[in-house]
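Student: Structure supplied as upload.txt; contents: compact mmCIF, N, CA and C atoms and all ligand atoms.
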```txt
# COMPACT_ATOMS: atom_id res chain seq x y z
N MET L 1 109.62 -125.03 -231.60
CA MET L 1 108.43 -124.56 -232.33
C MET L 1 107.84 -123.33 -231.63
N ASN L 2 107.39 -122.40 -232.43
CA ASN L 2 106.74 -121.22 -231.86
C ASN L 2 105.32 -121.60 -231.44
N VAL L 3 105.08 -121.60 -230.13
CA VAL L 3 103.79 -122.07 -229.61
C VAL L 3 102.63 -121.29 -230.21
N SER L 4 102.82 -119.98 -230.42
CA SER L 4 101.69 -119.16 -230.88
C SER L 4 101.29 -119.47 -232.31
N SER L 5 102.06 -120.29 -233.04
CA SER L 5 101.67 -120.59 -234.41
C SER L 5 101.14 -122.02 -234.57
N GLN L 6 100.85 -122.70 -233.47
CA GLN L 6 100.42 -124.09 -233.56
C GLN L 6 99.04 -124.24 -234.20
N TYR L 7 98.15 -123.32 -233.91
CA TYR L 7 96.78 -123.43 -234.40
C TYR L 7 96.45 -122.26 -235.31
N SER L 8 95.82 -122.56 -236.45
CA SER L 8 95.56 -121.47 -237.39
C SER L 8 94.10 -121.05 -237.44
N VAL L 9 93.17 -121.95 -237.07
CA VAL L 9 91.75 -121.57 -237.02
C VAL L 9 91.19 -122.05 -235.68
N VAL L 10 90.94 -121.11 -234.81
CA VAL L 10 90.55 -121.45 -233.43
C VAL L 10 89.15 -120.92 -233.16
N LEU L 11 88.27 -121.82 -232.73
CA LEU L 11 86.90 -121.42 -232.41
C LEU L 11 86.76 -121.35 -230.89
N VAL L 12 86.49 -120.15 -230.38
CA VAL L 12 86.34 -119.96 -228.94
C VAL L 12 84.84 -119.84 -228.63
N ALA L 13 84.32 -120.79 -227.87
CA ALA L 13 82.90 -120.76 -227.49
C ALA L 13 82.76 -119.87 -226.26
N VAL L 14 81.95 -118.83 -226.41
CA VAL L 14 81.81 -117.88 -225.30
C VAL L 14 80.36 -117.86 -224.82
N ASP L 15 80.18 -117.91 -223.50
CA ASP L 15 78.83 -117.83 -222.93
C ASP L 15 78.55 -116.43 -222.40
N LEU L 16 79.51 -115.51 -222.60
CA LEU L 16 79.40 -114.11 -222.18
C LEU L 16 79.22 -113.97 -220.67
N SER L 17 79.72 -114.94 -219.92
CA SER L 17 79.73 -114.86 -218.46
C SER L 17 81.02 -114.14 -218.04
N THR L 18 81.23 -114.02 -216.73
CA THR L 18 82.41 -113.31 -216.24
C THR L 18 83.71 -114.03 -216.61
N SER L 19 83.63 -115.32 -217.00
CA SER L 19 84.85 -116.06 -217.33
C SER L 19 85.24 -115.91 -218.81
N THR L 20 84.41 -115.24 -219.60
CA THR L 20 84.68 -115.15 -221.05
C THR L 20 86.04 -114.53 -221.37
N ASP L 21 86.39 -113.44 -220.69
CA ASP L 21 87.68 -112.80 -220.96
C ASP L 21 88.84 -113.76 -220.72
N TYR L 22 88.74 -114.50 -219.63
CA TYR L 22 89.82 -115.43 -219.29
C TYR L 22 89.95 -116.52 -220.36
N VAL L 23 88.83 -117.04 -220.83
CA VAL L 23 88.86 -118.11 -221.85
C VAL L 23 89.50 -117.57 -223.14
N ILE L 24 89.16 -116.34 -223.53
CA ILE L 24 89.75 -115.74 -224.73
C ILE L 24 91.26 -115.52 -224.53
N GLN L 25 91.61 -115.04 -223.34
CA GLN L 25 93.04 -114.78 -223.08
C GLN L 25 93.86 -116.07 -223.15
N ARG L 26 93.30 -117.18 -222.68
CA ARG L 26 94.01 -118.47 -222.76
C ARG L 26 94.15 -118.89 -224.24
N ALA L 27 93.11 -118.65 -225.02
CA ALA L 27 93.17 -118.99 -226.45
C ALA L 27 94.27 -118.17 -227.13
N LEU L 28 94.40 -116.92 -226.71
CA LEU L 28 95.42 -116.04 -227.32
C LEU L 28 96.84 -116.44 -226.96
N GLU L 29 96.96 -117.29 -225.95
CA GLU L 29 98.30 -117.80 -225.63
C GLU L 29 98.72 -118.90 -226.60
N LEU L 30 97.75 -119.45 -227.33
CA LEU L 30 98.04 -120.56 -228.25
C LEU L 30 97.96 -120.17 -229.71
N ALA L 31 97.36 -119.03 -229.99
CA ALA L 31 97.15 -118.66 -231.39
C ALA L 31 97.16 -117.15 -231.54
N GLU L 32 97.44 -116.71 -232.76
CA GLU L 32 97.42 -115.27 -233.05
C GLU L 32 95.98 -114.76 -233.04
N ALA L 33 95.82 -113.47 -232.76
CA ALA L 33 94.48 -112.88 -232.68
C ALA L 33 93.68 -113.10 -233.98
N GLU L 34 94.37 -113.03 -235.13
CA GLU L 34 93.63 -113.17 -236.40
C GLU L 34 93.15 -114.60 -236.66
N SER L 35 93.60 -115.56 -235.82
CA SER L 35 93.14 -116.95 -235.97
C SER L 35 91.87 -117.22 -235.17
N LEU L 36 91.52 -116.30 -234.27
CA LEU L 36 90.41 -116.56 -233.35
C LEU L 36 89.04 -116.21 -233.94
N HIS L 37 88.07 -117.09 -233.68
CA HIS L 37 86.67 -116.87 -234.04
C HIS L 37 85.87 -117.07 -232.76
N LEU L 38 84.87 -116.23 -232.55
CA LEU L 38 84.03 -116.36 -231.36
C LEU L 38 82.65 -116.87 -231.76
N VAL L 39 82.08 -117.74 -230.92
CA VAL L 39 80.71 -118.15 -231.18
C VAL L 39 79.90 -118.13 -229.88
N TYR L 40 78.68 -117.61 -230.01
CA TYR L 40 77.70 -117.69 -228.93
C TYR L 40 76.50 -118.43 -229.49
N VAL L 41 76.06 -119.46 -228.77
CA VAL L 41 74.92 -120.24 -229.24
C VAL L 41 73.68 -119.84 -228.44
N MET L 42 72.65 -119.42 -229.16
CA MET L 42 71.38 -119.10 -228.51
C MET L 42 70.57 -120.37 -228.40
N ASP L 43 70.38 -120.80 -227.17
CA ASP L 43 69.63 -122.04 -226.92
C ASP L 43 68.17 -121.66 -226.73
N VAL L 44 67.44 -121.60 -227.85
CA VAL L 44 66.08 -121.07 -227.82
C VAL L 44 65.16 -121.92 -226.94
N ALA L 45 65.39 -123.22 -226.93
CA ALA L 45 64.56 -124.09 -226.10
C ALA L 45 64.66 -123.65 -224.64
N HIS L 46 65.85 -123.19 -224.28
CA HIS L 46 66.10 -122.73 -222.92
C HIS L 46 65.26 -121.48 -222.62
N TYR L 47 65.23 -120.52 -223.57
CA TYR L 47 64.46 -119.30 -223.34
C TYR L 47 62.96 -119.60 -223.33
N ALA L 48 62.55 -120.58 -224.16
CA ALA L 48 61.13 -120.90 -224.26
C ALA L 48 60.59 -121.42 -222.93
N ASN L 49 61.48 -121.97 -222.12
CA ASN L 49 61.05 -122.47 -220.82
C ASN L 49 60.87 -121.36 -219.81
N ALA L 50 61.47 -120.20 -220.09
CA ALA L 50 61.39 -119.10 -219.14
C ALA L 50 60.00 -118.47 -219.22
N PHE L 51 59.62 -117.73 -218.19
CA PHE L 51 58.32 -117.05 -218.19
C PHE L 51 58.46 -115.78 -218.99
N VAL L 52 57.93 -115.78 -220.22
CA VAL L 52 58.01 -114.59 -221.06
C VAL L 52 56.61 -114.24 -221.55
N THR L 53 56.35 -112.93 -221.68
CA THR L 53 55.01 -112.49 -222.08
C THR L 53 55.00 -111.95 -223.51
N VAL L 54 56.13 -112.06 -224.21
CA VAL L 54 56.19 -111.62 -225.61
C VAL L 54 56.54 -112.83 -226.47
N PRO L 55 56.22 -112.78 -227.76
CA PRO L 55 56.53 -113.92 -228.63
C PRO L 55 58.02 -114.28 -228.57
N ILE L 56 58.30 -115.57 -228.63
CA ILE L 56 59.68 -116.04 -228.49
C ILE L 56 60.57 -115.47 -229.61
N ALA L 57 59.98 -115.23 -230.79
CA ALA L 57 60.78 -114.67 -231.90
C ALA L 57 61.29 -113.28 -231.53
N ASP L 58 60.47 -112.49 -230.81
CA ASP L 58 60.89 -111.15 -230.39
C ASP L 58 62.01 -111.24 -229.36
N VAL L 59 61.86 -112.19 -228.46
CA VAL L 59 62.89 -112.38 -227.43
C VAL L 59 64.20 -112.74 -228.12
N GLU L 60 64.10 -113.63 -229.09
CA GLU L 60 65.29 -114.09 -229.82
C GLU L 60 65.97 -112.92 -230.52
N THR L 61 65.17 -112.06 -231.16
CA THR L 61 65.74 -110.92 -231.87
C THR L 61 66.47 -110.00 -230.90
N GLN L 62 65.85 -109.73 -229.77
CA GLN L 62 66.47 -108.84 -228.78
C GLN L 62 67.76 -109.43 -228.25
N ILE L 63 67.73 -110.72 -227.95
CA ILE L 63 68.94 -111.36 -227.41
C ILE L 63 70.04 -111.35 -228.47
N ARG L 64 69.66 -111.64 -229.72
CA ARG L 64 70.65 -111.67 -230.81
C ARG L 64 71.35 -110.32 -230.94
N GLU L 65 70.57 -109.23 -230.88
CA GLU L 65 71.17 -107.89 -231.00
C GLU L 65 72.13 -107.62 -229.84
N HIS L 66 71.69 -107.98 -228.65
CA HIS L 66 72.52 -107.78 -227.47
C HIS L 66 73.83 -108.58 -227.58
N VAL L 67 73.69 -109.85 -227.98
CA VAL L 67 74.86 -110.74 -228.08
C VAL L 67 75.83 -110.21 -229.15
N LYS L 68 75.28 -109.77 -230.29
CA LYS L 68 76.13 -109.24 -231.37
C LYS L 68 76.97 -108.07 -230.85
N ALA L 69 76.31 -107.18 -230.08
CA ALA L 69 77.03 -106.01 -229.54
C ALA L 69 78.14 -106.45 -228.60
N GLU L 70 77.83 -107.45 -227.77
CA GLU L 70 78.85 -107.95 -226.82
C GLU L 70 80.04 -108.57 -227.57
N LEU L 71 79.72 -109.33 -228.62
CA LEU L 71 80.80 -109.98 -229.38
C LEU L 71 81.65 -108.93 -230.09
N HIS L 72 81.00 -107.87 -230.58
CA HIS L 72 81.77 -106.83 -231.27
C HIS L 72 82.67 -106.08 -230.30
N SER L 73 82.24 -105.91 -229.06
CA SER L 73 83.15 -105.27 -228.08
C SER L 73 84.35 -106.17 -227.81
N LEU L 74 84.10 -107.50 -227.78
CA LEU L 74 85.23 -108.41 -227.54
C LEU L 74 86.20 -108.38 -228.73
N ILE L 75 85.66 -108.29 -229.94
CA ILE L 75 86.50 -108.21 -231.14
C ILE L 75 87.39 -106.98 -231.06
N ALA L 76 86.80 -105.84 -230.66
CA ALA L 76 87.58 -104.60 -230.56
C ALA L 76 88.62 -104.72 -229.44
N LYS L 77 88.17 -105.24 -228.30
CA LYS L 77 89.07 -105.33 -227.13
C LYS L 77 90.31 -106.18 -227.42
N TYR L 78 90.12 -107.30 -228.16
CA TYR L 78 91.25 -108.22 -228.39
C TYR L 78 91.79 -108.13 -229.81
N SER L 79 91.40 -107.09 -230.56
CA SER L 79 91.88 -106.88 -231.94
C SER L 79 91.70 -108.12 -232.80
N LEU L 80 90.52 -108.75 -232.72
CA LEU L 80 90.24 -109.92 -233.55
C LEU L 80 89.72 -109.45 -234.91
N LYS L 81 89.61 -110.40 -235.84
CA LYS L 81 89.10 -110.04 -237.17
C LYS L 81 87.64 -109.60 -237.06
N ASN L 82 87.26 -108.57 -237.80
CA ASN L 82 85.91 -107.99 -237.71
C ASN L 82 84.78 -108.97 -237.96
N ASP L 83 85.05 -109.94 -238.88
CA ASP L 83 83.97 -110.86 -239.25
C ASP L 83 84.09 -112.20 -238.51
N ALA L 84 84.81 -112.20 -237.39
CA ALA L 84 85.09 -113.48 -236.72
C ALA L 84 84.18 -113.76 -235.53
N ALA L 85 82.93 -113.27 -235.60
CA ALA L 85 82.01 -113.55 -234.51
C ALA L 85 80.72 -114.14 -235.07
N TYR L 86 80.22 -115.16 -234.44
CA TYR L 86 79.03 -115.86 -234.92
C TYR L 86 78.00 -115.97 -233.80
N VAL L 87 76.75 -115.72 -234.15
CA VAL L 87 75.65 -115.99 -233.23
C VAL L 87 74.79 -117.03 -233.93
N VAL L 88 74.68 -118.22 -233.34
CA VAL L 88 73.89 -119.27 -233.97
C VAL L 88 72.84 -119.77 -232.97
N THR L 89 71.87 -120.49 -233.49
CA THR L 89 70.75 -120.95 -232.67
C THR L 89 70.75 -122.46 -232.58
N GLY L 90 70.48 -122.98 -231.40
CA GLY L 90 70.35 -124.43 -231.26
C GLY L 90 71.00 -124.94 -230.00
N HIS L 91 71.35 -126.22 -230.05
CA HIS L 91 71.98 -126.87 -228.91
C HIS L 91 73.47 -126.51 -228.93
N PRO L 92 74.01 -125.94 -227.82
CA PRO L 92 75.38 -125.43 -227.86
C PRO L 92 76.42 -126.39 -228.41
N ALA L 93 76.55 -127.59 -227.85
CA ALA L 93 77.65 -128.47 -228.29
C ALA L 93 77.51 -128.82 -229.78
N SER L 94 76.28 -129.15 -230.22
CA SER L 94 76.08 -129.53 -231.63
C SER L 94 76.41 -128.37 -232.56
N GLN L 95 75.97 -127.18 -232.17
CA GLN L 95 76.21 -126.01 -233.03
C GLN L 95 77.70 -125.65 -233.06
N ILE L 96 78.37 -125.83 -231.94
CA ILE L 96 79.82 -125.54 -231.89
C ILE L 96 80.55 -126.53 -232.81
N HIS L 97 80.16 -127.81 -232.78
CA HIS L 97 80.76 -128.80 -233.69
C HIS L 97 80.51 -128.41 -235.15
N ALA L 98 79.26 -128.04 -235.45
CA ALA L 98 78.91 -127.73 -236.85
C ALA L 98 79.71 -126.54 -237.34
N LEU L 99 79.82 -125.50 -236.51
CA LEU L 99 80.56 -124.31 -236.94
C LEU L 99 82.06 -124.61 -237.06
N ALA L 100 82.58 -125.42 -236.13
CA ALA L 100 84.01 -125.78 -236.18
C ALA L 100 84.31 -126.47 -237.52
N ASP L 101 83.41 -127.37 -237.93
CA ASP L 101 83.59 -128.06 -239.23
C ASP L 101 83.53 -127.06 -240.37
N LYS L 102 82.55 -126.16 -240.30
CA LYS L 102 82.32 -125.20 -241.39
C LYS L 102 83.52 -124.29 -241.61
N ILE L 103 84.12 -123.82 -240.52
CA ILE L 103 85.24 -122.88 -240.69
C ILE L 103 86.59 -123.60 -240.71
N GLY L 104 86.58 -124.94 -240.58
CA GLY L 104 87.84 -125.71 -240.61
C GLY L 104 88.70 -125.47 -239.38
N ALA L 105 88.06 -125.39 -238.21
CA ALA L 105 88.81 -125.14 -236.97
C ALA L 105 89.78 -126.28 -236.66
N ASP L 106 90.97 -125.93 -236.20
CA ASP L 106 91.87 -126.99 -235.73
C ASP L 106 91.94 -127.00 -234.20
N LEU L 107 91.25 -126.06 -233.58
CA LEU L 107 91.15 -126.07 -232.11
C LEU L 107 89.84 -125.41 -231.70
N ILE L 108 89.16 -126.05 -230.74
CA ILE L 108 87.98 -125.43 -230.11
C ILE L 108 88.37 -125.15 -228.66
N VAL L 109 88.04 -123.95 -228.19
CA VAL L 109 88.35 -123.59 -226.79
C VAL L 109 87.04 -123.34 -226.06
N VAL L 110 86.88 -124.01 -224.92
CA VAL L 110 85.68 -123.82 -224.08
C VAL L 110 86.12 -123.63 -222.64
N GLY L 111 85.24 -123.04 -221.84
CA GLY L 111 85.48 -122.97 -220.41
C GLY L 111 84.98 -124.26 -219.77
N SER L 112 85.56 -124.62 -218.64
CA SER L 112 85.14 -125.85 -217.96
C SER L 112 85.12 -125.60 -216.46
N HIS L 113 83.98 -125.90 -215.86
CA HIS L 113 83.87 -125.72 -214.42
C HIS L 113 84.25 -127.03 -213.73
N GLY L 114 84.86 -126.91 -212.59
CA GLY L 114 85.25 -128.11 -211.84
C GLY L 114 84.04 -128.77 -211.20
N ARG L 115 83.27 -129.47 -212.05
CA ARG L 115 82.04 -130.08 -211.52
C ARG L 115 82.31 -131.43 -210.90
N HIS L 116 81.45 -131.80 -209.95
CA HIS L 116 81.53 -133.16 -209.41
C HIS L 116 80.13 -133.55 -208.97
N GLY L 117 79.98 -134.82 -208.56
CA GLY L 117 78.68 -135.31 -208.10
C GLY L 117 77.62 -135.24 -209.19
N ILE L 118 76.42 -134.86 -208.81
CA ILE L 118 75.28 -134.88 -209.73
C ILE L 118 75.47 -133.91 -210.90
N GLN L 119 76.15 -132.77 -210.64
CA GLN L 119 76.39 -131.80 -211.71
C GLN L 119 77.23 -132.42 -212.82
N LEU L 120 78.20 -133.27 -212.41
CA LEU L 120 79.06 -133.91 -213.40
C LEU L 120 78.24 -134.90 -214.22
N LEU L 121 77.36 -135.64 -213.53
CA LEU L 121 76.54 -136.63 -214.23
C LEU L 121 75.60 -135.95 -215.24
N LEU L 122 75.13 -134.77 -214.89
CA LEU L 122 74.22 -134.06 -215.78
C LEU L 122 74.95 -133.51 -217.01
N GLY L 123 76.25 -133.45 -216.92
CA GLY L 123 77.03 -133.02 -218.09
C GLY L 123 77.20 -131.52 -218.18
N SER L 124 77.99 -131.09 -219.15
CA SER L 124 78.28 -129.68 -219.32
C SER L 124 78.55 -129.44 -220.79
N THR L 125 78.59 -128.18 -221.16
CA THR L 125 78.89 -127.85 -222.55
C THR L 125 80.28 -128.35 -222.92
N ALA L 126 81.23 -128.19 -221.99
CA ALA L 126 82.61 -128.64 -222.28
C ALA L 126 82.63 -130.14 -222.60
N ASN L 127 81.91 -130.94 -221.80
CA ASN L 127 81.86 -132.39 -222.08
C ASN L 127 81.23 -132.65 -223.44
N GLY L 128 80.14 -131.95 -223.72
CA GLY L 128 79.43 -132.14 -224.98
C GLY L 128 80.32 -131.80 -226.16
N VAL L 129 81.12 -130.74 -226.02
CA VAL L 129 82.00 -130.32 -227.12
C VAL L 129 83.11 -131.35 -227.32
N LEU L 130 83.65 -131.83 -226.21
CA LEU L 130 84.75 -132.79 -226.30
C LEU L 130 84.32 -134.06 -227.04
N HIS L 131 83.11 -134.56 -226.71
CA HIS L 131 82.65 -135.79 -227.33
C HIS L 131 82.14 -135.49 -228.74
N GLY L 132 82.83 -136.02 -229.71
CA GLY L 132 82.40 -135.82 -231.09
C GLY L 132 83.16 -134.73 -231.83
N ALA L 133 84.08 -134.04 -231.14
CA ALA L 133 84.86 -133.01 -231.84
C ALA L 133 85.84 -133.68 -232.80
N LYS L 134 86.01 -133.06 -233.98
CA LYS L 134 86.93 -133.63 -234.98
C LYS L 134 88.30 -132.98 -234.91
N CYS L 135 88.48 -132.05 -233.96
CA CYS L 135 89.77 -131.38 -233.82
C CYS L 135 90.13 -131.33 -232.33
N ASP L 136 91.27 -130.72 -232.02
CA ASP L 136 91.65 -130.60 -230.62
C ASP L 136 90.65 -129.72 -229.87
N VAL L 137 90.52 -130.00 -228.58
CA VAL L 137 89.63 -129.19 -227.73
C VAL L 137 90.43 -128.79 -226.48
N LEU L 138 90.43 -127.50 -226.20
CA LEU L 138 91.05 -127.02 -224.96
C LEU L 138 89.93 -126.64 -223.99
N ALA L 139 89.88 -127.31 -222.85
CA ALA L 139 88.90 -126.97 -221.80
C ALA L 139 89.64 -126.13 -220.76
N VAL L 140 89.35 -124.85 -220.75
CA VAL L 140 90.03 -123.92 -219.83
C VAL L 140 89.29 -123.95 -218.50
N ARG L 141 89.99 -124.31 -217.46
CA ARG L 141 89.36 -124.40 -216.15
C ARG L 141 88.97 -122.99 -215.67
N VAL L 142 87.68 -122.82 -215.42
CA VAL L 142 87.20 -121.52 -214.92
C VAL L 142 86.40 -121.76 -213.65
N ASP L 143 86.40 -120.78 -212.78
CA ASP L 143 85.60 -120.90 -211.56
C ASP L 143 84.60 -119.77 -211.56
N LYS L 144 83.34 -120.13 -211.43
CA LYS L 144 82.30 -119.09 -211.45
C LYS L 144 82.06 -118.58 -210.05
P1 LIG H 201 78.91 -124.77 -218.94
O1 LIG H 201 79.84 -125.54 -218.06
O2 LIG H 201 77.93 -125.65 -219.64
O3 LIG H 201 78.27 -123.65 -218.20
O4 LIG H 201 79.76 -124.06 -220.09
C1 LIG H 201 81.13 -123.91 -220.00
C2 LIG H 201 81.66 -123.34 -221.30
O5 LIG H 201 80.91 -123.79 -222.42
C3 LIG H 201 81.64 -121.84 -221.39
O6 LIG H 201 82.77 -121.27 -220.76
C4 LIG H 201 81.69 -121.65 -222.89
O7 LIG H 201 83.01 -121.87 -223.39
C5 LIG H 201 80.80 -122.78 -223.39
N1 LIG H 201 79.40 -122.38 -223.52
C6 LIG H 201 78.39 -122.58 -222.64
N2 LIG H 201 77.23 -122.10 -223.10
C7 LIG H 201 77.52 -121.56 -224.31
C8 LIG H 201 76.75 -120.87 -225.31
N3 LIG H 201 75.45 -120.64 -225.14
N4 LIG H 201 77.37 -120.47 -226.42
C9 LIG H 201 78.69 -120.69 -226.60
N5 LIG H 201 79.47 -121.32 -225.70
C10 LIG H 201 78.89 -121.74 -224.57
```
Could you express the structure from this file as structure tokens?
Tutor:
Amino acid sequence: MNVSSQYSVVLVAVDLSTSTDYVIQRALELAEAESLHLVYVMDVAHYANAFVTVPIADVETQIREHVKAELHSLIAKYSLKNDAAYVVTGHPASQIHALADKIGADLIVVGSHGRHGIQLLLGSTANGVLHGAKCDVLAVRVDK
């Protein structure tokens, strides 16, 4: 079997950290570029906890614009489909599940840090995505 044709709709969850390129490159080893979709979840509750002096809606708009630009550079860099980037708001794992269902993903790809001890108990996005996913999940080991 041709490994690169195993998955036809792949949702890659990107946090736009330094490991994002590596996570996308691993996804590209399993699927064609035109199968890949990128998602960044804006966790507004997280920003609301930060010390900000402007309305949270303005912060959200600014972050959304910045994230969109970053996703579009990734689309160009990896020759992905132009409309294959999503910026959604909410809890990362839940939103990734919802979008995976919506686009009919057969694989979700996330980065996973080698956590242990209390960090492991507190959980991670990768764990959250794995629990409750209706399709395969690839957790790409990344080191920050
Ligand atoms: P974490 O261990 O929770 O820092 O997240 C590990 C992986 O979860 C990242 O490499 C991404 O694949 C995914 N992830 C984390 N936060 C987000 C986010 N806000 N939007 C999309 N994916 C995310």
Student: So that I can see what lies close to Thr125 in chain L, please list as an NGL selection string the residues with an atom at most 8 Å from it, counting only N, CA and C atoms and leaving out residues fewer than 2 positions away in the same chain.
Tutor: :L and (92-93 or 110-113 or 122-123 or 127-131)
Student: Can you write out the residues you just picked, keeping N, CA and C atoms, as a short mmCIF file (atom, residue, chain, number, x, y, z; two decimals), in the frame of the given file?
Tutor:
```
data_model
loop_
_atom_site.label_atom_id
_atom_site.label_comp_id
_atom_site.auth_asym_id
_atom_site.auth_seq_id
_atom_site.Cartn_x
_atom_site.Cartn_y
_atom_site.Cartn_z
N PRO L 92 74.01 -125.94 -227.82
CA PRO L 92 75.38 -125.43 -227.86
C PRO L 92 76.42 -126.39 -228.41
N ALA L 93 76.55 -127.59 -227.85
CA ALA L 93 77.65 -128.47 -228.29
C ALA L 93 77.51 -128.82 -229.78
N VAL L 110 86.88 -124.01 -224.92
CA VAL L 110 85.68 -123.82 -224.08
C VAL L 110 86.12 -123.63 -222.64
N GLY L 111 85.24 -123.04 -221.84
CA GLY L 111 85.48 -122.97 -220.41
C GLY L 111 84.98 -124.26 -219.77
N SER L 112 85.56 -124.62 -218.64
CA SER L 112 85.14 -125.85 -217.96
C SER L 112 85.12 -125.60 -216.46
N HIS L 113 83.98 -125.90 -215.86
CA HIS L 113 83.87 -125.72 -214.42
C HIS L 113 84.25 -127.03 -213.73
N LEU L 122 75.13 -134.77 -214.89
CA LEU L 122 74.22 -134.06 -215.78
C LEU L 122 74.95 -133.51 -217.01
N GLY L 123 76.25 -133.45 -216.92
CA GLY L 123 77.03 -133.02 -218.09
C GLY L 123 77.20 -131.52 -218.18
N ASN L 127 81.91 -130.94 -221.80
CA ASN L 127 81.86 -132.39 -222.08
C ASN L 127 81.23 -132.65 -223.44
N GLY L 128 80.14 -131.95 -223.72
CA GLY L 128 79.43 -132.14 -224.98
C GLY L 128 80.32 -131.80 -226.16
N VAL L 129 81.12 -130.74 -226.02
CA VAL L 129 82.00 -130.32 -227.12
C VAL L 129 83.11 -131.35 -227.32
N LEU L 130 83.65 -131.83 -226.21
CA LEU L 130 84.75 -132.79 -226.30
C LEU L 130 84.32 -134.06 -227.04
N HIS L 131 83.11 -134.56 -226.71
CA HIS L 131 82.65 -135.79 -227.33
C HIS L 131 82.14 -135.49 -228.74
#
```
Student: Name the closest residue to Ile63 in chain L among the candidates L:Ala126, L:Val10, L:His37, L:Met42; distances are taken between atoms, counting all atoms listed in the file.
Tutor: L:Met42
Student: Rounded to one decimal, what separation in Å do you get between atom C of Val9 in chain L and atom N of Leu71 in chain L?
Tutor: 18.5 Å
Student: Using only C-alpha atoms, pick whichever of L:Ser8, L:Arg141, L:Asp21, L:Val54 has the shortest atom-to-atom distance to Glu70 in chain L.
Tutor: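 So, comparing all the options, the nearest one is L:Asp21.
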Student: For the helix (DSSP H, G or I) assignment from backbone DSSP, which residues of range 75-131 of chain L qualify? Please present them as an MDAnalysis selection string.
Tutor: chainID L and resid 75:77 92:103 118:122 125:130
Student: For those residues, write N, CA and C atoms to a file as a short mmCIF file (atom, residue, chain, number, x, y, z; two decimals), keeping the file's coordinate frame.
Tutor:
```cif
data_model
loop_
_atom_site.label_atom_id
_atom_site.label_comp_id
_atom_site.auth_asym_id
_atom_site.auth_seq_id
_atom_site.Cartn_x
_atom_site.Cartn_y
_atom_site.Cartn_z
N ILE L 75 85.66 -108.29 -229.94
CA ILE L 75 86.50 -108.21 -231.14
C ILE L 75 87.39 -106.98 -231.06
N ALA L 76 86.80 -105.84 -230.66
CA ALA L 76 87.58 -104.60 -230.56
C ALA L 76 88.62 -104.72 -229.44
N LYS L 77 88.17 -105.24 -228.30
CA LYS L 77 89.07 -105.33 -227.13
C LYS L 77 90.31 -106.18 -227.42
N PRO L 92 74.01 -125.94 -227.82
CA PRO L 92 75.38 -125.43 -227.86
C PRO L 92 76.42 -126.39 -228.41
N ALA L 93 76.55 -127.59 -227.85
CA ALA L 93 77.65 -128.47 -228.29
C ALA L 93 77.51 -128.82 -229.78
N SER L 94 76.28 -129.15 -230.22
CA SER L 94 76.08 -129.53 -231.63
C SER L 94 76.41 -128.37 -232.56
N GLN L 95 75.97 -127.18 -232.17
CA GLN L 95 76.21 -126.01 -233.03
C GLN L 95 77.70 -125.65 -233.06
N ILE L 96 78.37 -125.83 -231.94
CA ILE L 96 79.82 -125.54 -231.89
C ILE L 96 80.55 -126.53 -232.81
N HIS L 97 80.16 -127.81 -232.78
CA HIS L 97 80.76 -128.80 -233.69
C HIS L 97 80.51 -128.41 -235.15
N ALA L 98 79.26 -128.04 -235.45
CA ALA L 98 78.91 -127.73 -236.85
C ALA L 98 79.71 -126.54 -237.34
N LEU L 99 79.82 -125.50 -236.51
CA LEU L 99 80.56 -124.31 -236.94
C LEU L 99 82.06 -124.61 -237.06
N ALA L 100 82.58 -125.42 -236.13
CA ALA L 100 84.01 -125.78 -236.18
C ALA L 100 84.31 -126.47 -237.52
N ASP L 101 83.41 -127.37 -237.93
CA ASP L 101 83.59 -128.06 -239.23
C ASP L 101 83.53 -127.06 -240.37
N LYS L 102 82.55 -126.16 -240.30
CA LYS L 102 82.32 -125.20 -241.39
C LYS L 102 83.52 -124.29 -241.61
N ILE L 103 84.12 -123.82 -240.52
CA ILE L 103 85.24 -122.88 -240.69
C ILE L 103 86.59 -123.60 -240.71
N ILE L 118 76.42 -134.86 -208.81
CA ILE L 118 75.28 -134.88 -209.73
C ILE L 118 75.47 -133.91 -210.90
N GLN L 119 76.15 -132.77 -210.64
CA GLN L 119 76.39 -131.80 -211.71
C GLN L 119 77.23 -132.42 -212.82
N LEU L 120 78.20 -133.27 -212.41
CA LEU L 120 79.06 -133.91 -213.40
C LEU L 120 78.24 -134.90 -214.22
N LEU L 121 77.36 -135.64 -213.53
CA LEU L 121 76.54 -136.63 -214.23
C LEU L 121 75.60 -135.95 -215.24
N LEU L 122 75.13 -134.77 -214.89
CA LEU L 122 74.22 -134.06 -215.78
C LEU L 122 74.95 -133.51 -217.01
N THR L 125 78.59 -128.18 -221.16
CA THR L 125 78.89 -127.85 -222.55
C THR L 125 80.28 -128.35 -222.92
N ALA L 126 81.23 -128.19 -221.99
CA ALA L 126 82.61 -128.64 -222.28
C ALA L 126 82.63 -130.14 -222.60
N ASN L 127 81.91 -130.94 -221.80
CA ASN L 127 81.86 -132.39 -222.08
C ASN L 127 81.23 -132.65 -223.44
N GLY L 128 80.14 -131.95 -223.72
CA GLY L 128 79.43 -132.14 -224.98
C GLY L 128 80.32 -131.80 -226.16
N VAL L 129 81.12 -130.74 -226.02
CA VAL L 129 82.00 -130.32 -227.12
C VAL L 129 83.11 -131.35 -227.32
N LEU L 130 83.65 -131.83 -226.21
CA LEU L 130 84.75 -132.79 -226.30
C LEU L 130 84.32 -134.06 -227.04
#
```
Student: Considering only C-alpha atoms, state which residue in the set L:Ile96, L:Ala31, L:Ala85, L:Val12 is at the smallest distance from His72 in chain L.
Tutor: L:Ala85
Student: Going by DSSP on the backbone, which residues of range 52-102 of chain L come out as strand (DSSP E or B)? List them as a list in words.
Tutor: Ala85, Tyr86, Val87, Val88 and Thr89 of chain L
Student: Range 73-81 of chain L: which residues within 7 Å, counting all atoms listed in the file, same-chain residues fewer than 4 positions away excluded, as a ChimeraX atom specification?
Tutor: /L:33-36,68-69,85
Student: What is the distance, in Å and to one decimal place, between CA of Ala84 in chain L and atom N of Val140 in chain L?
Tutor: 20.1 Å
